[in-house]
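One file, model.pdb, is given below (PDB, C-alpha atoms).
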ATOM      1  CA  MET A1120       8.305  21.411  20.151
ATOM      2  CA  MET A1121       7.075  21.013  16.557
ATOM      3  CA  LEU A1122       4.001  22.943  15.447
ATOM      4  CA  SER A1123       0.974  20.685  15.019
ATOM      5  CA  ARG A1124       0.390  21.889  11.436
ATOM      6  CA  VAL A1125       3.961  20.914  10.499
ATOM      7  CA  ALA A1126       3.606  17.515  12.160
ATOM      8  CA  ASP A1127       0.270  17.003  10.403
ATOM      9  CA  SER A1128       1.724  17.827   6.978
ATOM     10  CA  LEU A1129       4.713  15.518   7.454
ATOM     11  CA  TYR A1130       2.485  12.694   8.690
ATOM     12  CA  TRP A1131       0.273  12.991   5.613
ATOM     13  CA  LEU A1132       3.263  13.381   3.317
ATOM     14  CA  GLY A1133       4.433   9.974   4.546
ATOM     15  CA  ARG A1134       0.977   8.473   4.095
ATOM     16  CA  TYR A1135       0.345   9.846   0.600
ATOM     17  CA  VAL A1136       3.713   8.857  -0.881
ATOM     18  CA  GLU A1137       3.346   5.372   0.618
ATOM     19  CA  ARG A1138      -0.203   5.154  -0.757
ATOM     20  CA  ALA A1139       0.980   6.152  -4.221
ATOM     21  CA  GLU A1140       3.706   3.483  -4.122
ATOM     22  CA  ASN A1141       1.256   0.824  -2.957
ATOM     23  CA  VAL A1142      -1.352   1.568  -5.630
ATOM     24  CA  ALA A1143       1.310   1.729  -8.354
ATOM     25  CA  ARG A1144       2.726  -1.642  -7.250
ATOM     26  CA  LEU A1145      -0.730  -3.214  -7.170
ATOM     27  CA  LEU A1146      -1.263  -1.905 -10.696
ATOM     28  CA  VAL A1147       2.053  -3.379 -11.877
ATOM     29  CA  VAL A1148       1.176  -6.828 -10.509
ATOM     30  CA  ALA A1149      -2.443  -6.775 -11.705
ATOM     31  CA  SER A1150      -1.569  -5.590 -15.207
ATOM     32  CA  GLU A1151       1.157  -8.211 -15.671
ATOM     33  CA  THR A1152      -1.044 -11.009 -14.325
ATOM     34  CA  ALA A1153      -4.142  -9.947 -16.242
ATOM     35  CA  VAL A1154      -2.249  -9.686 -19.529
ATOM     36  CA  GLU A1155      -1.092 -13.286 -19.104
ATOM     37  CA  LEU A1156      -4.575 -14.470 -18.167
ATOM     38  CA  GLU A1157      -6.395 -12.549 -20.890
ATOM     39  CA  GLY A1158      -5.229 -14.913 -23.612
ATOM     40  CA  LEU A1159      -6.226 -17.895 -21.464
ATOM     41  CA  ASP A1160      -9.519 -16.794 -19.947
ATOM     42  CA  GLU A1161     -10.934 -13.271 -20.150
ATOM     43  CA  THR A1162     -13.111 -13.889 -17.085
ATOM     44  CA  LEU A1163     -10.039 -14.695 -14.966
ATOM     45  CA  ALA A1164      -8.347 -11.562 -16.306
ATOM     46  CA  GLN A1165     -11.387  -9.470 -15.360
ATOM     47  CA  ASN A1166     -11.381 -11.045 -11.887
ATOM     48  CA  GLU A1167      -7.806  -9.856 -11.402
ATOM     49  CA  TRP A1168      -8.894  -6.259 -11.999
ATOM     50  CA  ASP A1169     -11.955  -6.697  -9.773
ATOM     51  CA  ASP A1170      -9.684  -7.943  -6.976
ATOM     52  CA  LEU A1171      -7.486  -4.886  -7.445
ATOM     53  CA  LEU A1172     -10.396  -2.479  -7.037
ATOM     54  CA  ALA A1173     -11.488  -4.367  -3.907
ATOM     55  CA  ALA A1174      -7.973  -3.955  -2.471
ATOM     56  CA  VAL A1175      -8.078  -0.176  -3.031
ATOM     57  CA  PRO A1176     -11.166   1.063  -1.157
ATOM     58  CA  GLY A1177     -12.409   4.408  -2.390
ATOM     59  CA  SER A1178     -11.485   3.731  -6.020
ATOM     60  CA  GLU A1179     -14.927   2.544  -7.067
ATOM     61  CA  GLY A1180     -17.056   4.486  -9.483
ATOM     62  CA  GLY A1181     -14.741   5.061 -12.398
ATOM     63  CA  ASP A1182     -15.762   4.695 -16.020
ATOM     64  CA  LEU A1183     -13.984   1.404 -16.713
ATOM     65  CA  GLU A1184     -15.485   0.462 -20.043
ATOM     66  CA  PHE A1185     -13.118  -1.324 -22.385
ATOM     67  CA  SER A1186     -13.103  -2.780 -25.855
ATOM     68  CA  ARG A1187     -11.808  -6.183 -26.886
ATOM     69  CA  GLU A1188      -9.337  -4.444 -29.205
ATOM     70  CA  GLU A1189      -7.827  -2.327 -26.428
ATOM     71  CA  GLY A1190      -7.838  -5.030 -23.781
ATOM     72  CA  LEU A1191      -8.563  -4.679 -20.099
ATOM     73  CA  ALA A1192      -5.557  -2.734 -18.872
ATOM     74  CA  ARG A1193      -5.926   0.788 -20.275
ATOM     75  CA  PRO A1194      -9.087   1.971 -18.495
ATOM     76  CA  TYR A1195      -7.859   0.626 -15.145
ATOM     77  CA  VAL A1196      -4.428   2.178 -15.595
ATOM     78  CA  HIS A1197      -6.023   5.530 -16.366
ATOM     79  CA  TRP A1198      -8.392   5.349 -13.388
ATOM     80  CA  LEU A1199      -5.872   4.190 -10.782
ATOM     81  CA  LEU A1200      -2.725   5.900 -12.075
ATOM     82  CA  LEU A1201      -3.756   9.116 -13.805
ATOM     83  CA  ASP A1202      -7.320  10.179 -12.985
ATOM     84  CA  ASP A1203      -7.569  13.279 -10.788
ATOM     85  CA  ALA A1204     -11.189  12.384  -9.954
ATOM     86  CA  ASN A1205     -10.174   9.152  -8.221
ATOM     87  CA  PRO A1206      -9.335   9.964  -4.553
ATOM     88  CA  VAL A1207      -6.889   7.072  -4.301
ATOM     89  CA  SER A1208      -5.229   7.301  -7.718
ATOM     90  CA  VAL A1209      -1.468   7.667  -7.826
ATOM     91  CA  ARG A1210      -1.830  11.133  -9.331
ATOM     92  CA  HIS A1211      -4.232  12.290  -6.620
ATOM     93  CA  SER A1212      -2.018  10.921  -3.835
ATOM     94  CA  LEU A1213       1.095  12.576  -5.257
ATOM     95  CA  ALA A1214      -0.776  15.868  -5.691
ATOM     96  CA  ARG A1215      -1.746  15.801  -2.012
ATOM     97  CA  ALA A1216       1.805  14.823  -1.050
ATOM     98  CA  ARG A1217       3.126  17.870  -2.961
ATOM     99  CA  GLU A1218       0.656  20.163  -1.210
ATOM    100  CA  ASN A1219       1.850  18.938   2.165
ATOM    101  CA  ALA A1220       5.492  19.134   1.082
ATOM    102  CA  ARG A1221       5.106  22.768  -0.027
ATOM    103  CA  SER A1222       3.684  23.736   3.363
ATOM    104  CA  VAL A1223       6.720  22.265   5.176
ATOM    105  CA  ARG A1224       9.414  22.933   2.563
ATOM    106  CA  GLU A1225      11.899  23.925   5.256
ATOM    107  CA  ALA A1226      11.606  20.484   6.895
ATOM    108  CA  LEU A1227      12.545  18.601   3.699
ATOM    109  CA  THR A1228      15.779  18.180   1.785
ATOM    110  CA  LYS A1229      16.057  19.438  -1.773
ATOM    111  CA  GLU A1230      16.384  15.812  -2.939
ATOM    112  CA  VAL A1231      13.021  14.852  -1.443
ATOM    113  CA  PHE A1232      11.249  17.972  -2.685
ATOM    114  CA  GLY A1233      12.824  17.743  -6.146
ATOM    115  CA  ASN A1234      12.076  14.047  -6.651
ATOM    116  CA  LEU A1235       8.490  14.485  -5.515
ATOM    117  CA  ASN A1236       7.934  17.310  -8.004
ATOM    118  CA  GLU A1237       9.656  15.384 -10.781
ATOM    119  CA  VAL A1238       7.568  12.231 -10.427
ATOM    120  CA  TYR A1239       4.384  14.320 -10.410
ATOM    121  CA  ARG A1240       5.436  16.113 -13.610
ATOM    122  CA  GLU A1241       6.231  12.763 -15.218
ATOM    123  CA  LEU A1242       2.599  11.769 -14.813
ATOM    124  CA  ASP A1243       1.666  14.360 -17.451
ATOM    125  CA  GLY A1244       3.890  12.568 -19.950
ATOM    126  CA  SER A1245       2.454   9.255 -18.812
ATOM    127  CA  ARG A1246      -1.051  10.452 -19.678
ATOM    128  CA  ARG A1247       0.024  10.949 -23.289
ATOM    129  CA  ARG A1248       2.122   7.800 -23.618
ATOM    130  CA  ALA A1249      -0.332   5.460 -21.861
ATOM    131  CA  GLY A1250      -3.072   6.418 -24.313
ATOM    132  CA  ARG A1251      -1.289   4.811 -27.249
ATOM    133  CA  ASP A1252      -1.867   1.125 -26.542
ATOM    134  CA  PRO A1253      -2.092  -1.406 -23.673
ATOM    135  CA  VAL A1254       1.636  -2.179 -23.776
ATOM    136  CA  ALA A1255       2.513   1.500 -23.395
ATOM    137  CA  ALA A1256       0.064   1.777 -20.486
ATOM    138  CA  GLN A1257       1.721  -1.133 -18.698
ATOM    139  CA  GLN A1258       5.188   0.324 -19.285
ATOM    140  CA  GLU A1259       4.126   3.676 -17.831
ATOM    141  CA  VAL A1260       2.908   2.028 -14.629
ATOM    142  CA  VAL A1261       6.293   0.329 -14.172
ATOM    143  CA  ARG A1262       8.155   3.572 -14.900
ATOM    144  CA  ILE A1263       6.122   5.676 -12.481
ATOM    145  CA  HIS A1264       6.412   3.037  -9.769
ATOM    146  CA  GLY A1265      10.192   3.171 -10.136
ATOM    147  CA  ALA A1266      10.146   6.974  -9.872
ATOM    148  CA  ILE A1267       8.107   6.801  -6.643
ATOM    149  CA  LEU A1268      10.623   4.341  -5.197
ATOM    150  CA  THR A1269      13.345   6.896  -5.983
ATOM    151  CA  THR A1270      11.429   9.494  -3.981
ATOM    152  CA  LEU A1271      11.106   7.088  -1.060
ATOM    153  CA  GLY A1272      14.836   6.438  -1.305
ATOM    154  CA  ALA A1273      15.525  10.182  -1.110
ATOM    155  CA  MET A1274      13.425  10.355   2.051
ATOM    156  CA  GLU A1275      15.285   7.426   3.572
ATOM    157  CA  HIS A1276      18.801   8.580   2.743
ATOM    158  CA  THR A1277      18.770  12.397   2.983
ATOM    159  CA  MET A1278      16.471  13.389   5.860
ATOM    160  CA  SER A1279      17.555  13.883   9.451
ATOM    161  CA  ARG A1280      16.149  11.483  12.031
ATOM    162  CA  ASP A1281      14.405  14.230  13.951
ATOM    163  CA  GLN A1282      10.861  14.741  15.163
ATOM    164  CA  GLY A1283       9.626  15.582  11.675
ATOM    165  CA  TRP A1284      11.092  12.342  10.341
ATOM    166  CA  ASN A1285       9.297  10.464  13.101
ATOM    167  CA  PHE A1286       5.895  11.910  12.158
ATOM    168  CA  MET A1287       6.518  11.181   8.466
ATOM    169  CA  LYS A1288       7.532   7.576   9.139
ATOM    170  CA  LEU A1289       4.569   7.122  11.472
ATOM    171  CA  GLY A1290       2.241   8.008   8.591
ATOM    172  CA  GLU A1291       4.145   5.726   6.232
ATOM    173  CA  ALA A1292       4.016   2.760   8.627
ATOM    174  CA  LEU A1293       0.299   3.179   9.297
ATOM    175  CA  GLU A1294      -0.521   3.401   5.592
ATOM    176  CA  ARG A1295       1.650   0.393   4.712
ATOM    177  CA  THR A1296       0.236  -1.852   7.424
ATOM    178  CA  GLN A1297      -3.349  -0.936   6.636
ATOM    179  CA  ARG A1298      -2.760  -1.622   2.940
ATOM    180  CA  THR A1299      -1.433  -5.122   3.676
ATOM    181  CA  LEU A1300      -4.616  -5.857   5.602
ATOM    182  CA  LEU A1301      -6.837  -4.472   2.825
ATOM    183  CA  VAL A1302      -5.057  -6.556   0.184
ATOM    184  CA  LEU A1303      -5.461  -9.698   2.312
ATOM    185  CA  ARG A1304      -9.112  -8.905   2.953
ATOM    186  CA  ALA A1305      -9.766  -8.562  -0.783
ATOM    187  CA  LYS A1306      -7.713 -11.465  -2.110
ATOM    188  CA  LEU A1307      -8.024 -14.244   0.482
ATOM    189  CA  PRO A1308     -11.696 -15.112  -0.254
ATOM    190  CA  VAL A1309     -10.961 -15.479  -3.979
ATOM    191  CA  LEU A1310      -7.853 -17.572  -3.352
ATOM    192  CA  ALA A1311      -9.741 -19.840  -0.965
ATOM    193  CA  GLN A1312     -12.351 -20.532  -3.653
ATOM    194  CA  GLU A1313      -9.597 -21.568  -6.077
ATOM    195  CA  ALA A1314      -8.130 -24.238  -3.779
ATOM    196  CA  GLY A1315      -9.078 -26.999  -6.235
ATOM    197  CA  ALA A1316      -8.188 -25.065  -9.362
ATOM    198  CA  ASP A1317      -5.495 -25.799 -11.914
ATOM    199  CA  LEU A1318      -2.264 -26.103  -9.908
ATOM    200  CA  PRO A1319      -0.045 -23.727 -11.957
ATOM    201  CA  LEU A1320      -2.814 -21.110 -11.886
ATOM    202  CA  PHE A1321      -3.333 -21.644  -8.140
ATOM    203  CA  TYR A1322       0.341 -21.030  -7.405
ATOM    204  CA  ALA A1323       0.477 -18.090  -9.808
ATOM    205  CA  ARG A1324      -2.328 -16.360  -7.888
ATOM    206  CA  TRP A1325      -0.590 -16.933  -4.529
ATOM    207  CA  ARG A1326       2.641 -15.555  -5.983
ATOM    208  CA  GLY A1327       0.595 -12.586  -7.151
ATOM    209  CA  LEU A1328      -0.624 -12.017  -3.594
ATOM    210  CA  LEU A1329       2.951 -11.971  -2.275
ATOM    211  CA  ARG A1330       4.063  -9.641  -5.066
ATOM    212  CA  SER A1331       1.118  -7.342  -4.317
ATOM    213  CA  VAL A1332       2.619  -6.642  -0.895
ATOM    214  CA  ALA A1333       6.281  -6.699  -2.055
ATOM    215  CA  SER A1334       6.965  -9.914  -0.151
ATOM    216  CA  LEU A1335       7.679 -12.693  -2.646
ATOM    217  CA  GLU A1336      11.468 -12.686  -2.279
ATOM    218  CA  ASN A1337      11.308 -12.222   1.498
ATOM    219  CA  TYR A1338       8.878 -15.125   1.803
ATOM    220  CA  ARG A1339      11.139 -17.400  -0.248
ATOM    221  CA  ARG A1340      14.159 -16.512   1.886
ATOM    222  CA  ALA A1341      12.262 -17.170   5.104
ATOM    223  CA  ARG A1342      10.076 -20.160   4.125
ATOM    224  CA  GLY A1343      11.618 -21.640   0.985
ATOM    225  CA  GLY A1344      10.074 -22.125  -2.424
ATOM    226  CA  GLN A1345       6.960 -24.031  -1.339
ATOM    227  CA  LEU A1346       3.884 -21.811  -1.723
ATOM    228  CA  ASP A1347       1.768 -23.123   1.128
ATOM    229  CA  PRO A1348      -1.351 -20.955   1.714
ATOM    230  CA  GLU A1349      -1.244 -21.281   5.501
ATOM    231  CA  GLN A1350       2.462 -20.408   5.600
ATOM    232  CA  ILE A1351       1.872 -17.393   3.355
ATOM    233  CA  ALA A1352      -0.928 -16.137   5.597
ATOM    234  CA  ARG A1353       1.226 -16.722   8.694
ATOM    235  CA  PHE A1354       4.144 -14.877   7.080
ATOM    236  CA  LEU A1355       2.107 -11.840   6.024
ATOM    237  CA  LEU A1356       0.315 -11.542   9.343
ATOM    238  CA  PHE A1357       2.774 -12.604  12.043
ATOM    239  CA  ASP A1358       6.385 -12.525  10.823
ATOM    240  CA  ARG A1359       8.307 -10.041  12.968
ATOM    241  CA  ALA A1360      11.097  -9.476  10.435
ATOM    242  CA  ALA A1361       9.094  -9.137   7.203
ATOM    243  CA  PRO A1362       8.749  -5.383   6.507
ATOM    244  CA  ARG A1363       5.247  -5.744   5.034
ATOM    245  CA  SER A1364       3.806  -8.098   7.658
ATOM    246  CA  VAL A1365       1.051  -6.791   9.903
ATOM    247  CA  LEU A1366       2.888  -7.566  13.154
ATOM    248  CA  CYS A1367       6.078  -5.890  11.941
ATOM    249  CA  GLY A1368       4.021  -2.863  10.894
ATOM    250  CA  VAL A1369       2.266  -2.603  14.242
ATOM    251  CA  ASN A1370       5.641  -2.793  16.003
ATOM    252  CA  ARG A1371       6.962   0.026  13.800
ATOM    253  CA  ILE A1372       3.929   2.204  14.490
ATOM    254  CA  ARG A1373       4.277   1.677  18.238
ATOM    255  CA  GLY A1374       7.974   2.494  18.063
ATOM    256  CA  TYR A1375       7.367   5.789  16.269
ATOM    257  CA  LEU A1376       4.605   6.670  18.714
ATOM    258  CA  ASP A1377       6.905   6.032  21.677
ATOM    259  CA  ARG A1378       9.391   8.562  20.304
ATOM    260  CA  LEU A1379       6.822  11.352  19.958
ATOM    261  CA  PRO A1380       6.452  14.045  22.631
ATOM    262  CA  GLY A1381       4.591  12.435  25.532
ATOM    263  CA  GLY A1382       4.789   9.105  23.734
ATOM    264  CA  GLN A1383       5.753   7.169  26.829
ATOM    265  CA  ALA A1384       2.403   7.983  28.430
ATOM    266  CA  THR A1385      -0.462   5.628  27.690
ATOM    267  CA  SER A1386      -2.801   7.113  25.081
ATOM    268  CA  GLU A1387      -5.835   5.901  23.193
ATOM    269  CA  ALA A1388      -3.683   5.014  20.176
ATOM    270  CA  ASP A1389      -1.273   3.101  22.442
ATOM    271  CA  ARG A1390      -4.134   1.052  23.833
ATOM    272  CA  VAL A1391      -5.535   0.198  20.393
ATOM    273  CA  LEU A1392      -2.120  -0.800  19.068
ATOM    274  CA  GLY A1393      -1.232  -2.671  22.258
ATOM    275  CA  ARG A1394      -4.306  -4.860  21.884
ATOM    276  CA  MET A1395      -3.446  -5.499  18.228
ATOM    277  CA  HIS A1396       0.128  -6.400  19.152
ATOM    278  CA  ALA A1397      -0.996  -8.843  21.844
ATOM    279  CA  THR A1398      -3.496 -10.520  19.507
ATOM    280  CA  LEU A1399      -1.008 -10.870  16.662
ATOM    281  CA  SER A1400       1.785 -12.075  18.994
ATOM    282  CA  TYR A1401      -0.099 -14.676  21.015
ATOM    283  CA  ASP A1402      -3.282 -15.636  19.149
ATOM    284  CA  ASP A1403      -1.784 -16.525  15.771
ATOM    285  CA  ASP A1404      -2.963 -20.149  15.753
ATOM    286  CA  THR A1405      -6.456 -19.120  16.828
ATOM    287  CA  ILE A1406      -6.640 -16.476  14.096
ATOM    288  CA  LEU A1407      -5.523 -18.900  11.370
ATOM    289  CA  THR A1408      -8.061 -21.534  12.365
ATOM    290  CA  LYS A1409     -10.932 -19.067  12.120
ATOM    291  CA  SER A1410     -13.148 -19.565   9.110
ATOM    292  CA  ASP A1411     -13.360 -15.794   8.556
ATOM    293  CA  LEU A1412      -9.735 -14.713   8.151
ATOM    294  CA  PRO A1413     -10.751 -11.888   5.763
ATOM    295  CA  GLY A1414     -13.107 -10.676   8.510
ATOM    296  CA  PHE A1415     -10.187 -10.541  10.941
ATOM    297  CA  CYS A1416      -8.208  -8.497   8.402
ATOM    298  CA  ALA A1417     -11.112  -6.069   7.984
ATOM    299  CA  GLN A1418     -11.431  -5.699  11.767
ATOM    300  CA  ALA A1419      -7.676  -5.138  12.140
ATOM    301  CA  ALA A1420      -7.753  -2.505   9.375
ATOM    302  CA  GLU A1421     -10.534  -0.702  11.250
ATOM    303  CA  SER A1422      -8.437  -0.835  14.436
ATOM    304  CA  LEU A1423      -5.635   0.933  12.567
ATOM    305  CA  ALA A1424      -8.139   3.512  11.356
ATOM    306  CA  ALA A1425      -9.160   4.043  15.005
ATOM    307  CA  ALA A1426      -5.486   4.453  15.947
ATOM    308  CA  HIS A1427      -5.117   7.057  13.185
ATOM    309  CA  ARG A1428      -8.107   9.001  14.500
ATOM    310  CA  ALA A1429      -6.663   8.914  18.019
ATOM    311  CA  ILE A1430      -3.278  10.168  16.764
ATOM    312  CA  ALA A1431      -4.986  12.986  14.858
ATOM    313  CA  ARG A1432      -6.914  14.083  17.945
ATOM    314  CA  GLU A1433      -3.793  14.057  20.112
ATOM    315  CA  TYR A1434      -1.227  15.629  17.768
ATOM    316  CA  PHE A1435      -3.113  17.408  14.979
ATOM    317  CA  PRO A1436      -6.040  19.238  16.625
ATOM    318  CA  SER A1437      -7.897  21.334  14.070
TER     319      SER A1437
END

Structure rendered as structure tokens:
Amino acid sequence: MMLSRVADSLYWLGRYVERAENVARLLVVASETAVELEGLDETLAQNEWDDLLAAVPGSEGGDLEFSREEGLARPYVHWLLLDDANPVSVRHSLARARENARSVREALTKEVFGNLNEVYRELDGSRRRAGRDPVAAQQEVVRIHGAILTTLGAMEHTMSRDQGWNFMKLGEALERTQRTLLVLRAKLPVLAQEAGADLPLFYARWRGLLRSVASLENYRRARGGQLDPEQIARFLLFDRAAPRSVLCGVNRIRGYLDRLPGGQATSEADRVLGRMHATLSYDDDTILTKSDLPGFCAQAAESLAAAHRAIAREYFPS
């Protein structure tokens, strides 16, 4: 039987590394899109950054002043990638991941521990390089995102599929699924308002949504090249095979829960996730016809937060 403190640390290690990857990816997409839009319409470029902050709850409150000479990207890159004061910045998430990794060093491979330390140290160099100009800032986001993916690859390919792995992947799956819902909640209202906008811009924003949740290529393989808003929403919410869809995420979370000690018994988290699974599996048409799809996403994200609290009470008692 694994000690609860070890299980807790591995669970949060999975969550924090996944959170860092998600925020870095959102920064990559927003910075590339905003740079393109800035020359066309500075208001549209600013909206892209506003949407990003809305998709990363807890990141509000930074000093995001910018000058026309420096462009929009640098202050946002600093706040979301490098600022220790931001509780959801990449740096803060990786710092917390390292703390948890140190406390369970014996449960990790040297590849995981080494890559995690390396990517955190690289952020110090990024602070210096990103301060030079907006192009350097954008390049640093891409570089750090790639380094985080290397760490995730080390986790996937070097760790034993034991109980510790299960707790770590449970945290990862919960974080990933909740982030998909938060991105949809933030971006769907804006995209709905742009339904009559310039067609190339309209499609560019929908492509941006799919890229924000690492799903553009998977969507094209499954649904073809036509960017239909209803099909995109259906894909991101209900597709069982898409690794970033909400239904796929809920299925993964339930699977990891079932493999935990006592996981076959019905628990509070099982009940919350079971209701979510039933709704996503059988009420898809009803959900899509609702006028408040962002509201559904917000409610589903809160259900995942309730599942997290139930898991913490059951497995990580303080």

Exercise. Using all atoms listed in the file, which residue out of A:Gln1297, A:Thr1152, A:Thr1277, A:Gln1282 lies closest to Ala1323 of chain A?
Worked result: A:Thr1152

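Among the candidates A:Ala1192, A:Trp1131, A:Arg1246, A:Leu1310, the residue lying nearest to Glu1161 of chain A is A:Ala1192 (atoms considered: all atoms listed in the file).
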
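Atom CA of Val1332 of chain A lies 19.7 Å from atom CA of Glu1155 of chain A.
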
For this session: Might you pull out every residue within 10 Å of segment 1162-1179 of chain A, with only C-alpha atoms counted and same-chain residues fewer than 4 positions away left off, and present them as JSON, numbers by chain?
Result: {"A": [1138, 1141, 1142, 1145, 1146, 1148, 1149, 1150, 1152, 1153, 1154, 1155, 1156, 1157, 1158, 1183, 1190, 1191, 1192, 1195, 1198, 1199, 1204, 1205, 1206, 1207, 1208, 1298, 1299, 1300, 1301, 1302, 1303, 1304, 1305, 1306, 1307, 1309, 1324, 1327, 1331]}

Selected residues, C-alpha atoms, written as a short mmCIF file (atom, residue, chain, number, x, y, z; two decimals), keeping the file's coordinate frame, please.
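Contents of result-v6.cif, as written:
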data_model
loop_
_atom_site.label_atom_id
_atom_site.label_comp_id
_atom_site.auth_asym_id
_atom_site.auth_seq_id
_atom_site.Cartn_x
_atom_site.Cartn_y
_atom_site.Cartn_z
CA ARG A 1138 -0.20 5.15 -0.76
CA ASN A 1141 1.26 0.82 -2.96
CA VAL A 1142 -1.35 1.57 -5.63
CA LEU A 1145 -0.73 -3.21 -7.17
CA LEU A 1146 -1.26 -1.90 -10.70
CA VAL A 1148 1.18 -6.83 -10.51
CA ALA A 1149 -2.44 -6.78 -11.70
CA SER A 1150 -1.57 -5.59 -15.21
CA THR A 1152 -1.04 -11.01 -14.32
CA ALA A 1153 -4.14 -9.95 -16.24
CA VAL A 1154 -2.25 -9.69 -19.53
CA GLU A 1155 -1.09 -13.29 -19.10
CA LEU A 1156 -4.58 -14.47 -18.17
CA GLU A 1157 -6.40 -12.55 -20.89
CA GLY A 1158 -5.23 -14.91 -23.61
CA LEU A 1183 -13.98 1.40 -16.71
CA GLY A 1190 -7.84 -5.03 -23.78
CA LEU A 1191 -8.56 -4.68 -20.10
CA ALA A 1192 -5.56 -2.73 -18.87
CA TYR A 1195 -7.86 0.63 -15.14
CA TRP A 1198 -8.39 5.35 -13.39
CA LEU A 1199 -5.87 4.19 -10.78
CA ALA A 1204 -11.19 12.38 -9.95
CA ASN A 1205 -10.17 9.15 -8.22
CA PRO A 1206 -9.34 9.96 -4.55
CA VAL A 1207 -6.89 7.07 -4.30
CA SER A 1208 -5.23 7.30 -7.72
CA ARG A 1298 -2.76 -1.62 2.94
CA THR A 1299 -1.43 -5.12 3.68
CA LEU A 1300 -4.62 -5.86 5.60
CA LEU A 1301 -6.84 -4.47 2.82
CA VAL A 1302 -5.06 -6.56 0.18
CA LEU A 1303 -5.46 -9.70 2.31
CA ARG A 1304 -9.11 -8.90 2.95
CA ALA A 1305 -9.77 -8.56 -0.78
CA LYS A 1306 -7.71 -11.46 -2.11
CA LEU A 1307 -8.02 -14.24 0.48
CA VAL A 1309 -10.96 -15.48 -3.98
CA ARG A 1324 -2.33 -16.36 -7.89
CA GLY A 1327 0.60 -12.59 -7.15
CA SER A 1331 1.12 -7.34 -4.32
#

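Here atom CA of Val1136 of chain A is placed at a distance of 8.7 Å from atom CA of Val1209 of chain A.
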
For this session: Counting all atoms listed in the file, find the residues whose atoms lie at most 7 Å from (4.6, 8.0, -16.5) (file coordinates) and write them out as a list in words.
Result: Glu1241, Leu1242, Gly1244, Ser1245, Arg1246, Glu1259, Val1260, Arg1262 and Ile1263 of chain A

For this session: May I ask which of the residues A:Arg1390, A:Arg1353, A:Arg1224, A:Arg1144 is the closest one to Leu1268 of chain A, counting only C-alpha atoms?
Result: A:Arg1144

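Counting all atoms listed in the file and comparing A:Ala1333, A:Val1254, A:Leu1356, A:Leu1129, the residue that lies closest to Asp1403 of chain A is A:Leu1356.
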
For this session: On this file, the PyMOL selection byres ((chain A and resi 1423) around 8) gives some set of residues; write that set as a ChimeraX atom specification.
Result: /A:1293,1297,1391-1392,1419-1422,1424-1427

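Here atom CA of Tyr1322 of chain A stands at a distance of 16.5 Å from atom CA of Asp1160 of chain A.
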
Exercise. So, counting only C-alpha atoms, which residue among A:His1197, A:Arg1217, A:Arg1280, A:Arg1210 is closest to Arg1248 of chain A?
Worked result: A:His1197

Could you work out an axis-aligned bounding box for all listed atoms of segment 1329-1340 of chain A, with 8 Å added on each of the six sides, and give its centre and edge lengths in Å to one decimal, as AutoDock Vina command-line options?
--center_x 7.6 --center_y -12.0 --center_z -1.6 --size_x 29.0 --size_y 26.8 --size_z 23.0

Residue neighbourhood Arg1215 of chain A, 8 Å, all atoms listed in the file, exclusion window fewer than 3 positions, as a PDB file with C-alpha atoms, keeping the file's coordinate frame:
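Written output follows (out-v1.pdb):
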ATOM      1  CA  LEU A1132       3.263  13.381   3.317  1.00  0.00           C
ATOM      2  CA  TYR A1135       0.345   9.846   0.600  1.00  0.00           C
ATOM      3  CA  HIS A1211      -4.232  12.290  -6.620  1.00  0.00           C
ATOM      4  CA  SER A1212      -2.018  10.921  -3.835  1.00  0.00           C
ATOM      5  CA  GLU A1218       0.656  20.163  -1.210  1.00  0.00           C
ATOM      6  CA  ASN A1219       1.850  18.938   2.165  1.00  0.00           C
TER       7      ASN A1219
END

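Among A:Glu1433, A:Asp1127, A:Glu1237, A:Glu1291, the residue with the shortest atom-to-atom distance to Ile1372 of chain A, counting only C-alpha atoms, is A:Glu1291.
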
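The protein and nucleic acid residues lying at most 9 Å from segment 1399-1401 of chain A are Leu1356, Phe1357, Val1365 and Leu1366 of chain A, with all atoms listed in the file considered and sequence neighbours fewer than 6 positions away removed.
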
Quick check on the file I pasted: which residues fall under the PyMOL selection byres ((chain A and resi 1351) around 12)? Write them as a short mmCIF file (atom, residue, chain, number, x, y, z; two decimals) with C-alpha atoms, in the coordinates of the input.
data_model
loop_
_atom_site.label_atom_id
_atom_site.label_comp_id
_atom_site.auth_asym_id
_atom_site.auth_seq_id
_atom_site.Cartn_x
_atom_site.Cartn_y
_atom_site.Cartn_z
CA LEU A 1303 -5.46 -9.70 2.31
CA LEU A 1307 -8.02 -14.24 0.48
CA LEU A 1310 -7.85 -17.57 -3.35
CA TYR A 1322 0.34 -21.03 -7.40
CA TRP A 1325 -0.59 -16.93 -4.53
CA ARG A 1326 2.64 -15.56 -5.98
CA GLY A 1327 0.60 -12.59 -7.15
CA LEU A 1328 -0.62 -12.02 -3.59
CA LEU A 1329 2.95 -11.97 -2.28
CA ARG A 1330 4.06 -9.64 -5.07
CA VAL A 1332 2.62 -6.64 -0.90
CA SER A 1334 6.96 -9.91 -0.15
CA LEU A 1335 7.68 -12.69 -2.65
CA ASN A 1337 11.31 -12.22 1.50
CA TYR A 1338 8.88 -15.12 1.80
CA ARG A 1339 11.14 -17.40 -0.25
CA ALA A 1341 12.26 -17.17 5.10
CA ARG A 1342 10.08 -20.16 4.12
CA GLY A 1343 11.62 -21.64 0.98
CA GLY A 1344 10.07 -22.12 -2.42
CA GLN A 1345 6.96 -24.03 -1.34
CA LEU A 1346 3.88 -21.81 -1.72
CA ASP A 1347 1.77 -23.12 1.13
CA PRO A 1348 -1.35 -20.96 1.71
CA GLU A 1349 -1.24 -21.28 5.50
CA GLN A 1350 2.46 -20.41 5.60
CA ALA A 1352 -0.93 -16.14 5.60
CA ARG A 1353 1.23 -16.72 8.69
CA PHE A 1354 4.14 -14.88 7.08
CA LEU A 1355 2.11 -11.84 6.02
CA LEU A 1356 0.32 -11.54 9.34
CA PHE A 1357 2.77 -12.60 12.04
CA ASP A 1358 6.38 -12.52 10.82
CA ALA A 1361 9.09 -9.14 7.20
CA SER A 1364 3.81 -8.10 7.66
CA LEU A 1407 -5.52 -18.90 11.37
#
